file final-v1.txt (compact mmCIF, C-alpha atoms and all ligand atoms)
# COMPACT_ATOMS: atom_id res chain seq x y z
CA MET A 444 0.00 0.00 0.00
CA LYS A 445 1.39 3.39 -1.02
CA LEU A 446 -0.24 6.71 -0.14
CA SER A 447 -0.28 9.31 -2.90
CA LYS A 448 2.04 12.20 -1.99
CA GLU A 449 -0.29 14.68 -3.71
CA GLY A 450 -3.23 13.25 -1.76
CA VAL A 451 -1.40 13.72 1.54
CA GLU A 452 -0.43 17.30 0.60
CA GLU A 453 -3.97 18.07 -0.49
CA LEU A 454 -5.26 16.73 2.81
CA ARG A 455 -2.71 18.81 4.71
CA GLY A 456 -3.99 21.89 2.86
CA LEU A 457 -7.61 21.00 3.57
CA LEU A 458 -6.90 20.62 7.29
CA ALA A 459 -4.73 23.74 7.55
CA ARG A 460 -7.33 25.66 9.54
CA PRO A 461 -9.35 24.31 12.50
CA GLN A 462 -12.86 23.34 11.45
CA ARG A 463 -15.96 21.26 12.20
CA ILE A 464 -15.50 17.70 11.04
CA VAL A 465 -17.69 14.61 10.92
CA ILE A 466 -16.23 11.12 10.62
CA VAL A 467 -18.74 8.59 9.40
CA SER A 468 -18.39 4.84 9.05
CA HIS A 469 -20.47 1.97 7.70
CA THR A 470 -23.70 0.23 8.76
CA ASN A 471 -23.09 -2.58 11.29
CA PRO A 472 -19.79 -0.98 12.26
CA ASP A 473 -17.04 -3.46 13.02
CA GLY A 474 -13.67 -3.25 14.76
CA ASP A 475 -12.04 -1.62 11.76
CA ALA A 476 -14.83 0.94 11.30
CA VAL A 477 -14.83 1.96 14.97
CA GLY A 478 -11.05 1.67 15.48
CA SER A 479 -10.21 3.80 12.44
CA SER A 480 -12.86 6.40 13.36
CA LEU A 481 -11.63 6.75 16.97
CA ALA A 482 -7.96 6.99 16.01
CA TRP A 483 -8.55 9.45 13.17
CA ALA A 484 -10.84 11.54 15.41
CA GLU A 485 -8.09 11.82 18.00
CA ALA A 486 -5.51 12.77 15.36
CA LEU A 487 -7.84 15.51 14.07
CA ARG A 488 -8.64 16.78 17.59
CA THR A 489 -4.92 17.01 18.33
CA MET A 490 -4.72 19.30 15.26
CA GLY A 491 -7.37 21.53 16.83
CA HIS A 492 -10.44 20.42 14.89
CA SER A 493 -13.83 19.81 16.41
CA VAL A 494 -14.82 16.23 15.56
CA THR A 495 -18.01 14.15 15.78
CA CYS A 496 -17.98 10.43 14.91
CA VAL A 497 -21.23 9.03 13.55
CA VAL A 498 -22.29 5.48 12.68
CA PRO A 499 -25.67 4.45 11.16
CA ASN A 500 -26.43 1.83 13.84
CA LYS A 501 -24.94 0.31 16.98
CA TYR A 502 -21.55 -1.39 17.00
CA PRO A 503 -21.37 -4.90 18.52
CA TYR A 504 -21.21 -5.10 22.33
CA PHE A 505 -17.75 -6.67 22.31
CA LEU A 506 -16.37 -3.27 21.28
CA ASP A 507 -18.06 -1.42 24.18
CA TRP A 508 -14.79 -1.37 26.16
CA MET A 509 -12.94 0.76 23.60
CA GLN A 510 -11.76 4.13 24.92
CA GLY A 511 -13.82 7.00 23.55
CA ILE A 512 -16.47 4.76 21.96
CA GLU A 513 -19.19 6.41 24.10
CA GLN A 514 -18.68 9.60 22.06
CA VAL A 515 -19.58 7.85 18.81
CA VAL A 516 -23.10 8.99 17.92
CA ILE A 517 -25.41 6.18 16.80
CA PHE A 518 -27.68 7.75 14.19
CA ARG A 519 -30.54 5.26 14.55
CA THR A 520 -31.08 5.94 18.25
CA ASP A 521 -29.94 9.57 18.29
CA THR A 522 -33.19 11.15 19.48
CA GLU A 523 -31.49 14.46 20.30
CA GLY A 524 -30.47 15.02 16.67
CA ARG A 525 -26.78 15.37 17.52
CA ALA A 526 -25.68 13.50 14.41
CA ALA A 527 -27.94 15.45 12.07
CA ARG A 528 -26.75 18.77 13.55
CA ALA A 529 -23.07 17.82 13.36
CA ILE A 530 -23.49 16.66 9.76
CA ALA A 531 -25.37 19.80 8.74
CA GLU A 532 -22.65 22.01 10.26
CA ALA A 533 -19.68 19.95 9.03
CA GLU A 534 -17.14 21.62 6.78
CA THR A 535 -15.40 18.32 6.04
CA ILE A 536 -16.82 14.79 6.16
CA PHE A 537 -14.46 11.83 6.35
CA CYS A 538 -15.88 8.52 5.11
CA LEU A 539 -14.01 5.64 6.74
CA ASP A 540 -14.06 1.92 5.91
CA PHE A 541 -16.73 1.95 3.18
CA ASN A 542 -16.63 2.87 -0.47
CA ALA A 543 -19.86 4.68 -1.35
CA VAL A 544 -22.23 6.97 0.57
CA SER A 545 -25.14 4.71 -0.45
CA ARG A 546 -23.75 2.03 1.92
CA LEU A 547 -24.71 4.25 4.86
CA GLU A 548 -28.35 3.19 4.40
CA ASN A 549 -30.49 5.21 6.87
CA LEU A 550 -27.76 7.87 7.08
CA THR A 551 -27.18 8.38 3.34
CA GLU A 552 -29.82 11.09 2.89
CA THR A 553 -28.56 13.15 5.84
CA ILE A 554 -24.97 13.04 4.56
CA GLU A 555 -26.11 13.96 1.05
CA SER A 556 -28.15 16.89 2.30
CA ASN A 557 -24.92 18.68 3.23
CA ARG A 558 -23.90 19.81 -0.23
CA THR A 559 -21.04 22.10 0.75
CA ALA A 560 -18.84 19.95 2.98
CA ARG A 561 -15.74 18.50 1.40
CA ARG A 562 -15.75 14.72 1.37
CA VAL A 563 -12.69 12.61 1.96
CA LEU A 564 -12.63 8.83 1.57
CA ILE A 565 -10.26 6.67 3.64
CA ASP A 566 -10.95 3.05 2.81
CA HIS A 567 -9.75 -0.37 1.65
CA HIS A 568 -12.77 -1.76 -0.23
CA LEU A 569 -12.75 -2.48 -3.95
CA ALA A 570 -14.52 -0.18 -6.40
CA PRO A 571 -14.64 3.22 -4.62
CA GLY A 572 -17.61 5.41 -5.49
CA GLU A 573 -17.54 8.86 -7.07
CA GLY A 574 -18.02 12.22 -5.43
CA PHE A 575 -15.05 12.46 -3.07
CA ASP A 576 -12.81 15.55 -3.08
CA ILE A 577 -9.90 13.41 -1.94
CA ALA A 578 -9.88 9.61 -1.94
CA PHE A 579 -7.43 7.39 -0.10
CA SER A 580 -8.78 4.14 -1.51
CA HIS A 581 -6.42 1.24 -0.85
CA PRO A 582 -7.89 -2.20 -1.62
CA ASP A 583 -4.38 -3.60 -1.09
CA SER A 584 -4.47 -2.60 2.58
CA SER A 585 -5.66 -5.25 5.03
CA SER A 586 -7.65 -2.69 7.05
CA THR A 587 -8.74 0.94 7.06
CA CYS A 588 -6.87 1.23 10.37
CA PHE A 589 -3.63 0.57 8.50
CA VAL A 590 -4.51 3.33 5.98
CA VAL A 591 -5.23 5.71 8.90
CA TYR A 592 -1.96 4.69 10.57
CA SER A 593 -0.10 5.40 7.32
CA LEU A 594 -1.80 8.79 6.94
CA ILE A 595 -0.93 9.89 10.48
CA GLU A 596 2.64 8.69 9.95
CA ALA A 597 2.93 10.47 6.60
CA MET A 598 1.52 13.73 7.94
CA PHE A 599 3.11 13.93 11.40
CA GLY A 600 5.55 11.05 11.81
CA PRO A 601 5.09 7.91 13.95
CA GLU A 602 5.62 9.96 17.16
CA ALA A 603 2.13 11.36 16.65
CA ILE A 604 0.57 7.94 17.36
CA SER A 605 -0.67 8.16 20.98
CA PRO A 606 -1.31 5.08 23.18
CA ARG A 607 -5.07 5.54 22.68
CA MET A 608 -4.74 5.74 18.91
CA ALA A 609 -2.46 2.70 19.02
CA GLU A 610 -5.08 0.62 20.82
CA ALA A 611 -7.90 1.67 18.48
CA LEU A 612 -5.77 1.04 15.39
CA TYR A 613 -4.72 -2.38 16.64
CA VAL A 614 -8.36 -3.43 17.06
CA GLY A 615 -9.07 -2.78 13.37
CA MET A 616 -5.85 -4.35 12.14
CA MET A 617 -6.46 -7.44 14.27
CA THR A 618 -10.14 -7.93 13.40
CA ASP A 619 -9.92 -7.24 9.66
CA THR A 620 -6.97 -9.61 9.21
CA GLY A 621 -8.60 -12.39 11.28
CA ASN A 622 -5.80 -12.02 13.81
CA PHE A 623 -3.11 -11.51 11.17
CA ALA A 624 -4.09 -14.55 9.12
CA PHE A 625 -5.70 -13.17 5.93
CA SER A 626 -4.25 -11.31 2.94
CA PHE A 627 -2.04 -8.22 2.58
CA LEU A 628 0.13 -9.05 5.59
CA THR A 629 3.01 -6.86 4.43
CA PRO A 630 6.26 -5.97 6.20
CA GLU A 631 4.91 -2.39 6.41
CA LEU A 632 1.88 -3.61 8.35
CA PHE A 633 4.08 -5.38 10.90
CA ARG A 634 6.33 -2.30 11.15
CA ALA A 635 3.19 -0.34 12.00
CA VAL A 636 2.20 -2.97 14.57
CA ALA A 637 5.70 -2.66 16.05
CA VAL A 638 5.08 1.07 16.59
CA LEU A 639 1.75 0.28 18.27
CA VAL A 640 3.54 -2.19 20.56
CA GLU A 641 6.10 0.53 21.36
CA ARG A 642 3.19 2.71 22.51
CA GLY A 643 2.46 0.05 25.12
CA ILE A 644 -0.68 -1.63 23.79
CA ASP A 645 -1.62 -4.76 25.71
CA ILE A 646 -2.25 -7.31 22.95
CA PRO A 647 -3.55 -10.18 25.13
CA ARG A 648 -5.98 -7.78 26.83
CA ILE A 649 -7.22 -6.40 23.49
CA HIS A 650 -7.57 -9.93 22.13
CA ASN A 651 -9.54 -11.07 25.19
CA SER A 652 -11.75 -8.00 25.17
CA VAL A 653 -12.76 -8.58 21.53
CA TYR A 654 -12.78 -12.36 21.10
CA ASN A 655 -13.47 -13.73 24.58
CA SER A 656 -16.26 -11.47 25.70
CA TYR A 657 -19.30 -13.11 24.19
CA THR A 658 -22.47 -14.20 25.96
CA GLU A 659 -23.41 -17.79 26.75
CA GLY A 660 -26.24 -17.48 24.21
CA ARG A 661 -23.74 -16.76 21.48
CA ALA A 662 -21.68 -19.86 22.25
CA ARG A 663 -24.82 -22.02 22.20
CA LEU A 664 -26.13 -20.38 19.03
CA PHE A 665 -22.78 -21.12 17.40
CA GLY A 666 -23.06 -24.81 18.27
CA TYR A 667 -26.62 -24.87 16.96
CA ALA A 668 -25.70 -23.09 13.72
CA ILE A 669 -22.78 -25.39 12.93
CA ASN A 670 -24.53 -28.58 13.95
CA ARG A 671 -28.03 -27.97 12.65
CA LYS A 672 -27.87 -25.26 10.04
CA MET A 673 -24.62 -25.65 8.08
CA GLU A 674 -25.10 -27.22 4.66
CA LEU A 675 -22.46 -28.30 2.17
CA ILE A 676 -22.98 -28.30 -1.60
CA GLU A 677 -20.83 -28.71 -4.72
CA ASP A 678 -19.22 -31.90 -3.48
CA GLY A 679 -18.48 -30.36 -0.10
CA THR A 680 -16.57 -27.36 -1.47
CA VAL A 681 -19.21 -24.70 -0.77
CA ALA A 682 -20.99 -24.09 2.51
CA TYR A 683 -23.91 -22.03 3.70
CA MET A 684 -25.75 -21.41 6.93
CA SER A 685 -28.91 -19.50 7.72
CA LEU A 686 -30.50 -18.10 10.85
CA LEU A 687 -34.13 -17.09 11.17
CA GLU A 688 -35.38 -14.53 13.67
CA HIS A 689 -37.04 -17.09 15.95
CA GLU A 690 -33.79 -19.08 16.09
CA MET A 691 -31.85 -15.98 17.10
CA ARG A 692 -34.43 -15.08 19.74
CA ARG A 693 -34.12 -18.54 21.24
CA PHE A 694 -30.47 -17.78 22.02
CA GLN A 695 -31.06 -14.17 23.17
CA PHE A 696 -29.32 -12.88 20.05
CA GLN A 697 -27.55 -9.55 20.27
CA GLN A 698 -26.08 -7.74 17.31
CA GLY A 699 -22.58 -9.09 16.69
CA ASP A 700 -23.36 -12.56 18.03
CA SER A 701 -23.07 -14.17 14.59
CA GLU A 702 -19.68 -12.53 13.97
CA GLY A 703 -17.23 -15.18 12.75
CA PHE A 704 -19.81 -17.91 12.06
CA VAL A 705 -19.40 -17.55 8.30
CA ASN A 706 -15.62 -18.00 8.59
CA TYR A 707 -15.96 -21.24 10.49
CA ALA A 708 -17.02 -23.33 7.49
CA LEU A 709 -13.67 -22.43 5.94
CA THR A 710 -11.92 -24.43 8.67
CA ILE A 711 -13.09 -27.48 6.72
CA LYS A 712 -10.26 -28.37 4.35
CA LYS A 713 -12.36 -28.78 1.20
CA VAL A 714 -14.51 -25.67 1.65
CA LYS A 715 -13.54 -22.76 -0.60
CA MET A 716 -16.55 -20.54 -0.19
CA SER A 717 -18.99 -19.95 2.63
CA ALA A 718 -22.18 -17.94 3.06
CA MET A 719 -24.26 -16.85 6.01
CA PHE A 720 -27.87 -15.69 5.66
CA LEU A 721 -29.06 -13.71 8.63
CA ALA A 722 -32.73 -12.72 8.78
CA HIS A 723 -33.49 -9.10 9.63
CA ARG A 724 -36.90 -7.54 9.88
CA LYS A 725 -36.98 -6.24 6.31
CA PHE A 726 -34.34 -8.28 4.47
CA ILE A 727 -31.75 -11.01 4.74
CA ARG A 728 -28.15 -9.97 5.27
CA VAL A 729 -25.78 -12.04 3.19
CA SER A 730 -22.18 -12.58 4.33
CA LEU A 731 -19.67 -14.30 2.08
CA ARG A 732 -16.14 -15.60 2.69
CA SER A 733 -13.70 -17.47 0.50
CA ARG A 734 -10.21 -18.82 0.26
CA GLY A 735 -7.50 -17.93 -2.25
CA ASP A 736 -8.60 -16.99 -5.75
CA VAL A 737 -12.32 -17.53 -5.22
CA ASP A 738 -13.70 -14.01 -5.62
CA VAL A 739 -16.75 -13.42 -3.42
CA ASN A 740 -16.68 -9.69 -4.17
CA LEU A 741 -17.58 -10.63 -7.75
CA PHE A 742 -20.18 -13.12 -6.52
CA ALA A 743 -21.77 -10.56 -4.16
CA ARG A 744 -21.95 -7.95 -6.93
CA LYS A 745 -23.43 -10.33 -9.45
CA TYR A 746 -25.99 -12.14 -7.35
CA PHE A 747 -26.68 -10.15 -4.18
CA ASN A 748 -26.31 -6.50 -5.16
CA GLY A 749 -23.36 -6.13 -2.80
CA GLY A 750 -19.59 -6.11 -2.77
CA GLY A 751 -16.61 -5.94 -0.44
CA HIS A 752 -13.24 -7.63 -0.80
CA ARG A 753 -12.12 -10.69 -2.78
CA ASN A 754 -12.27 -13.01 0.25
CA ALA A 755 -14.91 -11.22 2.34
CA ALA A 756 -17.98 -9.63 0.90
CA GLY A 757 -21.66 -9.16 1.57
CA GLY A 758 -25.00 -8.11 0.20
CA LYS A 759 -28.72 -8.26 0.81
CA SER A 760 -31.69 -10.30 -0.26
CA PHE A 761 -35.28 -9.11 -0.16
CA ASP A 762 -36.69 -12.58 -0.86
CA SER A 763 -37.76 -15.14 1.73
CA MET A 764 -35.14 -17.42 3.31
CA PRO A 765 -35.99 -20.48 1.16
CA GLU A 766 -35.94 -18.33 -2.00
CA THR A 767 -32.65 -16.73 -1.00
CA ILE A 768 -31.05 -20.11 -0.38
CA GLU A 769 -32.37 -21.44 -3.66
CA ARG A 770 -30.94 -18.42 -5.47
CA TYR A 771 -27.58 -18.97 -3.75
CA VAL A 772 -27.43 -22.64 -4.70
CA ARG A 773 -28.25 -21.80 -8.33
CA ALA A 774 -25.77 -18.93 -8.37
CA VAL A 775 -23.02 -21.14 -6.95
CA ARG A 776 -23.70 -23.67 -9.71
CA GLU A 777 -23.41 -20.98 -12.37
CA PHE A 778 -20.30 -19.54 -10.69
CA ALA A 779 -18.70 -23.01 -10.70
CA GLU A 780 -19.65 -23.62 -14.34
CA GLU A 781 -18.00 -20.33 -15.28
CA GLY A 782 -14.82 -21.61 -13.64
CA HIS A 783 -14.75 -19.23 -10.66
CA LEU A 784 -14.48 -21.98 -8.07
CA GLY A 785 -11.18 -23.26 -9.50
P1 LIG B 1 -19.63 -8.80 6.60
O1 LIG B 1 -19.91 -10.15 6.06
O2 LIG B 1 -18.56 -8.81 7.65
O3 LIG B 1 -20.85 -8.04 6.97
O4 LIG B 1 -19.02 -7.98 5.39
C1 LIG B 1 -17.86 -8.40 4.72
C2 LIG B 1 -17.38 -7.32 3.78
O5 LIG B 1 -18.34 -7.10 2.74
C3 LIG B 1 -17.19 -5.99 4.47
O6 LIG B 1 -15.99 -5.45 4.02
C4 LIG B 1 -18.36 -5.16 4.03
O7 LIG B 1 -18.04 -3.83 3.91
C5 LIG B 1 -18.75 -5.74 2.70
N1 LIG B 1 -20.20 -5.71 2.54
C6 LIG B 1 -21.11 -6.29 3.37
N2 LIG B 1 -22.37 -6.05 2.94
C7 LIG B 1 -22.26 -5.29 1.82
C8 LIG B 1 -23.21 -4.70 0.91
O8 LIG B 1 -24.43 -4.83 1.05
N3 LIG B 1 -22.69 -3.97 -0.12
C9 LIG B 1 -21.34 -3.82 -0.32
N4 LIG B 1 -20.92 -3.11 -1.36
N5 LIG B 1 -20.44 -4.35 0.52
C10 LIG B 1 -20.87 -5.08 1.57
MN MN B 2 -12.37 -2.75 7.07
call {"tool": "encode", "arguments": {"input": "final-v1.txt", "output": "structure tokens"}}
result
Amino acid sequence: MKLSKEGVEELRGLLARPQRIVIVSHTNPDGDAVGSSLAWAEALRTMGHSVTCVVPNKYPYFLDWMQGIEQVVIFRTDTEGRAARAIAEAETIFCLDFNAVSRLENLTETIESNRTARRVLIDHHLAPGEGFDIAFSHPDSSSTCFVVYSLIEAMFGPEAISPRMAEALYVGMMTDTGNFAFSFLTPELFRAVAVLVERGIDIPRIHNSVYNSYTEGRARLFGYAINRKMELIEDGTVAYMSLLEHEMRRFQFQQGDSEGFVNYALTIKKVKMSAMFLAHRKFIRVSLRSRGDVDVNLFARKYFNGGGHRNAAGGKSFDSMPETIERYVRAVREFAEEGHLG
């Protein structure tokens, strides 16, 4: 990953005078979305800017411990209109960890109603959207946190990384790389991690706080999902799993409880691609994961109106669960016939 020098200089110019800034991240914010927002917010505040972080809906409970997370305004439950006010008054809006304003769902309209603010993208998803004044779009970065780290380093040097920023950045780097196991694990990333370690981050504590803080219901739901709901097709090379609302209720489901389920099928040696269908009130959320060259970003775009990364993507279905599964099975067949499953 290489930052554009002109981009960095342009950003320096844009931030030359203190101003009102909003940082916004994606729907169902994850460790990378929240970590990058908190670290970038602190960097901007240190420069003298006034910053509000906004997310469309609540982050999962296993991120509640993160320092400063209570200041992140959750648009869906923001009855006081803090988010709308901050967005209306913003002179610059940073879009972190997503590639197009349309992905903000319930927040899209509010962001678009501010027609004067400059928009800056800091992201690592494929296919960035239009309409950004500056775009740091780096699909070859393993996380947005690594892009934010690189930006802070390029603008102010590694000394500018505070212990709080270091912790927030580590959360995103750790979660988006599946604990440093997925793609784009470059020497530069580990040099960045070395700086975070120098700032005194407590890696075992961060790891425990994120991965070993689930509820009993989640553990039991996981067992149920793997044992009763996981199906294998295409000679055992493709997996899928689905959860209906009544099944989630039975295990006192909280948002974030199904995190990681879709990855689990890939622990089976033969499985190259895995899907999770999670029922919501109005639609079914589709999560896709793959190994190696199998491109689920392409699959998500083609069949589920979504996108993401090559090995982790998602989309939505507005059909019923049986119809969605049937569509998936047919799509997988077509995908295999076209040679995309290797
Ligand atoms: P997850 O399965 O963790 O929700 O999402 C995996 C990846 O796919 C994330 O990087 C996420 O941003 C992306 N993604 C999930 N849902 C959608 C969607 O509906 N549209 C697009 N373009 N990307 C999505
Ligand atoms: Mn990310």
call {"tool": "residues_around", "arguments": {"input": "final-v1.txt", "residues": "range 686-693 of chain A", "least_positions_apart": "5", "cutoff": "12 Å", "atoms": "only C-alpha atoms", "output": "VMD selection string"}}
result
chain A and resid 660 to 661 663 to 665 667 to 669 671 to 673 698 to 701 704 to 705 718 to 730 763 to 765 768
call {"tool": "atom_distance", "arguments": {"input": "final-v1.txt", "atom1": "CA of Ala486 in chain A", "atom2": "CA of Arg525 in chain A"}}
result
21.5 Å
call {"tool": "closest_residue", "arguments": {"input": "final-v1.txt", "among": "A:Val467, A:Leu547, A:Ala624, A:Cys588", "to": "Leu564 in chain A", "atoms": "all atoms listed in the file"}}
result
A:Val467
call {"tool": "residues_near_ligand", "arguments": {"input": "final-v1.txt", "ligand": "ligand LIG 1 (chain B)", "cutoff": "6 Å", "atoms": "all atoms listed in the file", "output": "number ranges by chain"}}
result
A: 541, 730-731, 749-752, 755-759
call {"tool": "residues_near_point", "arguments": {"input": "final-v1.txt", "point": "(-13.4, 5.6, 6.8)", "cutoff": "9 Å", "atoms": "all atoms listed in the file", "output": "PyMOL selection string"}}
result
chain A and resi 466-469+475-476+479-480+483+537-542+563-567+587-588+591
call {"tool": "atom_distance", "arguments": {"input": "final-v1.txt", "atom1": "CA of Thr551 in chain A", "atom2": "CA of Val515 in chain A"}}
result
17.2 Å
call {"tool": "residues_around", "arguments": {"input": "final-v1.txt", "residues": "Ile595 in chain A", "least_positions_apart": "3", "cutoff": "10 Å", "atoms": "all atoms listed in the file", "output": "VMD selection string"}}
result
chain A and resid 451 482 to 483 486 to 487 589 to 592 598 to 604
call {"tool": "atom_distance", "arguments": {"input": "final-v1.txt", "atom1": "CA of Tyr771 in chain A", "atom2": "CA of Asn740 in chain A"}}
result
14.3 Å
call {"tool": "residues_around", "arguments": {"input": "final-v1.txt", "residues": "Ala560 in chain A", "least_positions_apart": "4", "cutoff": "10 Å", "atoms": "all atoms listed in the file", "output": "number ranges by chain"}}
result
A: 463-465, 530-537, 554-556, 576
call {"tool": "residues_around", "arguments": {"input": "final-v1.txt", "residues": "range 778-785 of chain A", "least_positions_apart": "2", "cutoff": "8 Å", "atoms": "only C-alpha atoms", "output": "JSON, numbers by chain"}}
result
{"A": [715, 736, 737, 738, 742, 774, 775, 776]}
call {"tool": "closest_residue", "arguments": {"input": "final-v1.txt", "among": "A:Pro647, A:Gly478, A:Gly450, A:Gly574", "to": "ligand MN 2 (chain B)", "atoms": "all atoms listed in the file"}}
result
A:Gly478
call {"tool": "closest_residue", "arguments": {"input": "final-v1.txt", "among": "A:Thr489, A:Thr629, A:Thr553, A:Thr618", "to": "ligand MN 2 (chain B)", "atoms": "all atoms listed in the file"}}
result
A:Thr618
call {"tool": "closest_residue", "arguments": {"input": "final-v1.txt", "among": "A:Ala459, A:Val516, A:Met509, A:Met617", "to": "ligand MN 2 (chain B)", "atoms": "only C-alpha atoms and all ligand atoms"}}
result
A:Met617
call {"tool": "closest_residue", "arguments": {"input": "final-v1.txt", "among": "A:Val681, A:Leu454, A:Ala662, A:Ile646", "to": "Ile577 in chain A", "atoms": "only C-alpha atoms"}}
result
A:Leu454
call {"tool": "closest_residue", "arguments": {"input": "final-v1.txt", "among": "A:Asp521, A:Asp507, A:Asp583, A:Glu548", "to": "ligand MN 2 (chain B)", "atoms": "all atoms listed in the file"}}
result
A:Asp583
call {"tool": "residues_around", "arguments": {"input": "final-v1.txt", "residues": "Gln510 in chain A", "least_positions_apart": "3", "cutoff": "8 Å", "atoms": "only C-alpha atoms", "output": "compact mmCIF listing (two decimals) with C-alpha atoms, in the coordinates of the input"}}
result
# COMPACT_ATOMS: atom_id res chain seq x y z
CA GLU A 513 -19.19 6.41 24.10
CA ARG A 607 -5.07 5.54 22.68
CA ALA A 611 -7.90 1.67 18.48
call {"tool": "build_atoms", "arguments": {"input": "final-v1.txt", "residues": "range 566-579 of chain A", "atoms": "N, CA and C atoms", "output": "JSON list (two decimals), in the frame of the given file"}}
result
[["chain", "number", "residue", "atom", "x", "y", "z"],
["A", 566, "ASP", "N", -10.29, 4.36, 2.89],
["A", 566, "ASP", "CA", -10.95, 3.05, 2.81],
["A", 566, "ASP", "C", -10.05, 1.99, 2.16],
["A", 567, "HIS", "N", -10.48, 0.73, 2.29],
["A", 567, "HIS", "CA", -9.75, -0.37, 1.65],
["A", 567, "HIS", "C", -10.67, -1.33, 0.91],
["A", 568, "HIS", "N", -11.88, -0.90, 0.57],
["A", 568, "HIS", "CA", -12.77, -1.76, -0.23],
["A", 568, "HIS", "C", -12.51, -1.56, -1.73],
["A", 569, "LEU", "N", -12.87, -2.59, -2.50],
["A", 569, "LEU", "CA", -12.75, -2.48, -3.95],
["A", 569, "LEU", "C", -13.79, -1.51, -4.47],
["A", 570, "ALA", "N", -13.55, -0.99, -5.66],
["A", 570, "ALA", "CA", -14.52, -0.18, -6.40],
["A", 570, "ALA", "C", -15.04, 1.04, -5.63],
["A", 571, "PRO", "N", -14.16, 2.02, -5.33],
["A", 571, "PRO", "CA", -14.64, 3.22, -4.62],
["A", 571, "PRO", "C", -15.63, 4.02, -5.47],
["A", 572, "GLY", "N", -16.61, 4.61, -4.79],
["A", 572, "GLY", "CA", -17.61, 5.41, -5.49],
["A", 572, "GLY", "C", -17.07, 6.77, -5.89],
["A", 573, "GLU", "N", -17.91, 7.52, -6.60],
["A", 573, "GLU", "CA", -17.54, 8.86, -7.07],
["A", 573, "GLU", "C", -17.89, 9.88, -5.99],
["A", 574, "GLY", "N", -17.52, 11.12, -6.25],
["A", 574, "GLY", "CA", -18.02, 12.22, -5.43],
["A", 574, "GLY", "C", -17.19, 12.55, -4.21],
["A", 575, "PHE", "N", -15.93, 12.10, -4.19],
["A", 575, "PHE", "CA", -15.05, 12.46, -3.07],
["A", 575, "PHE", "C", -14.05, 13.52, -3.55],
["A", 576, "ASP", "N", -13.79, 14.53, -2.71],
["A", 576, "ASP", "CA", -12.81, 15.55, -3.08],
["A", 576, "ASP", "C", -11.39, 14.99, -3.01],
["A", 577, "ILE", "N", -11.16, 14.15, -2.02],
["A", 577, "ILE", "CA", -9.90, 13.41, -1.94],
["A", 577, "ILE", "C", -10.26, 11.97, -1.60],
["A", 578, "ALA", "N", -9.60, 11.02, -2.25],
["A", 578, "ALA", "CA", -9.88, 9.61, -1.94],
["A", 578, "ALA", "C", -8.59, 8.86, -1.64],
["A", 579, "PHE", "N", -8.51, 8.31, -0.44],
["A", 579, "PHE", "CA", -7.43, 7.39, -0.10],
["A", 579, "PHE", "C", -8.07, 6.00, -0.14]]
